[in-house]
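Peer 1: Provided herewith is a single structure, encoded as structure tokens, for subsequent inquiry.
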Amino acid sequence: MATVKDVARMAEKLFPPENVCMQDYIGLSVGDENAAVDKALVCLDCTESVVAEAAEKGVQMIFAHHPLIFGTISSVTKNTPVGRIILAAAKNGINVYSAHTNMDCSRGGITEFVAGIIGLKNAEPLIEINQNACLGLVGNLENAVQVADFADEIGKKLSDKHVKTYGKDKTVRRIAVVNGAGGDEEIINAALEKGADALVTGEIKHHVALYARSFGLDIIEVSHYASEHIYIPRLSEILNAEAQKNNLKIQFTASESESNPAL
């Protein structure tokens with residue numbers, strides 16, 4: 001039977017650890033790398049509801065995008081959400097693994113997937129990490145559109161009813177995209193250097209939006225969840241295909257209990 005270690009090796013082949021773009025906490029956060037796995041639940045966030053779903057379905061592993069433990073913790077108790085999740089996972093023999101910015105930045109990862117959904121053509125790296133990974137992409141739409149119309153279209157494609165637009169109702173064609181929290185001055189500067197008319201991202205701070213607008217760069221902000229959860233069903237397909245290729249009898253299934261906290 002396949003093990004947690006087998007899944008980790010497979011994940012690191014798809015999303016190499018060297019492709020992280022910040023201090024990150026990827027890999028196995030709860031469990032035993034030698035534990036047997038034949039069913040895994042794929043999710044954006046390992047929440048209490050996701051652990052309960054995994055337990056109900058008899059799943060031995062949760063494969064999450066966002067790390068459960070981000071940084072250090074001093075205790076594991078029922079008094080904190082993370083503590084409750086860890087205790088529930090351990091009680092039910094559920095191993096928790098995450099691939100975070102290495103999944104964002106690798107080829108075939110979230111950024112590339114989202115860029116395709118919103119219609120970018122001939123996308124190139126926004127900020128290069130190495131020859132196989134980048135933070136963000138920038139490319140052209142097939143036709144120029146009004147930024148408000150483009151924002152509405154993105155909202156429909158990413159199932160987000162509350163897309164925000166920072167900027168004038170101008171025509172845009174060259175678009176930078178960074179899923180998740182992609183709003184910092186380094187990214188704004190890179191988008192400007194690559195000639196972008198607008199940046200699509202999942203989270204931006206007020207002062208950064210002001211900075212972008214001072215240079216005439218429009219911002220389309222979807223929710224962090226919407227900018228990444230769209231990839232989870234596709235991730236399940238990728239993991240199932242990779243498991244089959246490696247003769248690993250594991251079934252990966254997208255979680256059904258997640259919901260956008262911003263809606």
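Starting from 1 in every chain, residues are counted up; chains themselves are A, B, ... following the order of the structure tokens, and ligands are numbered from 1 as listed.
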Can you list every residue in segment 19-249 of chain A that DSSP puts in strand (DSSP E), as number ranges by chain?
Peer 2: A: 27-30, 39-43, 61-64, 95-98, 121-130, 133-146, 164-166, 171-178, 198-201, 218-221
Peer 1: Could you pull the residues within 6 Å of segment 90-100 of chain A, counting only C-alpha atoms, minus those fewer than 3 positions along the same chain, as JSON, numbers by chain?
Peer 2: {"A": [26, 27, 28, 29, 30, 31, 60, 61, 62, 63, 64, 65, 66, 67, 87, 103]}
Peer 1: Could you give me, as number ranges by chain, each residue of segment 101-257 of chain A that DSSP assigns to helix (DSSP H, G or I) when run on this structure's backbone?
Peer 2: A: 101-105, 110-117, 147-157, 185-193, 206-214, 224-229, 232-245
Peer 1: Nearest residue to Ala144 of chain A out of A:Ala198, A:Leu126, A:Ile250, A:Ile187, using only C-alpha atoms?
Peer 2: A:Ala198
Peer 1: Using only C-alpha atoms, which residue out of A:Val59, A:Val7, A:Ile219, A:Ala190 lies closest to Glu128 of chain A?
Peer 2: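 Ranking A:Val59, A:Val7, A:Ile219, A:Ala190 by distance to Glu128 of chain A, first place goes to A:Ala190.
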Peer 1: Pick the closest to Val145 of chain A from A:Ile117, A:Ala262, A:Val172, A:Ala133: which is it, counting only C-alpha atoms?
Peer 2: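 For Val145 of chain A, the nearest of the candidates is A:Val172.
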Peer 1: Would you pick out the contacts of segment 240-245 of chain A at 10 Å or less, using only C-alpha atoms, so that residues sharing its chain but fewer than 5 positions from it are not included, and give the list as a list in words?
Peer 2: Ala2, Asp6, Val7, Met10, Ala11, Lys13, Leu14, Ala40, Arg234, Leu235, Ile250, Gln251, Phe252 and Thr253 of chain A
Peer 1: Could you pull the residues within 9 Å of Val177 of chain A, counting only C-alpha atoms, minus those fewer than 6 positions along the same chain, as a PyMOL selection string?
Peer 2: chain A and resi 111+114-115+126+136-139+191+198-201
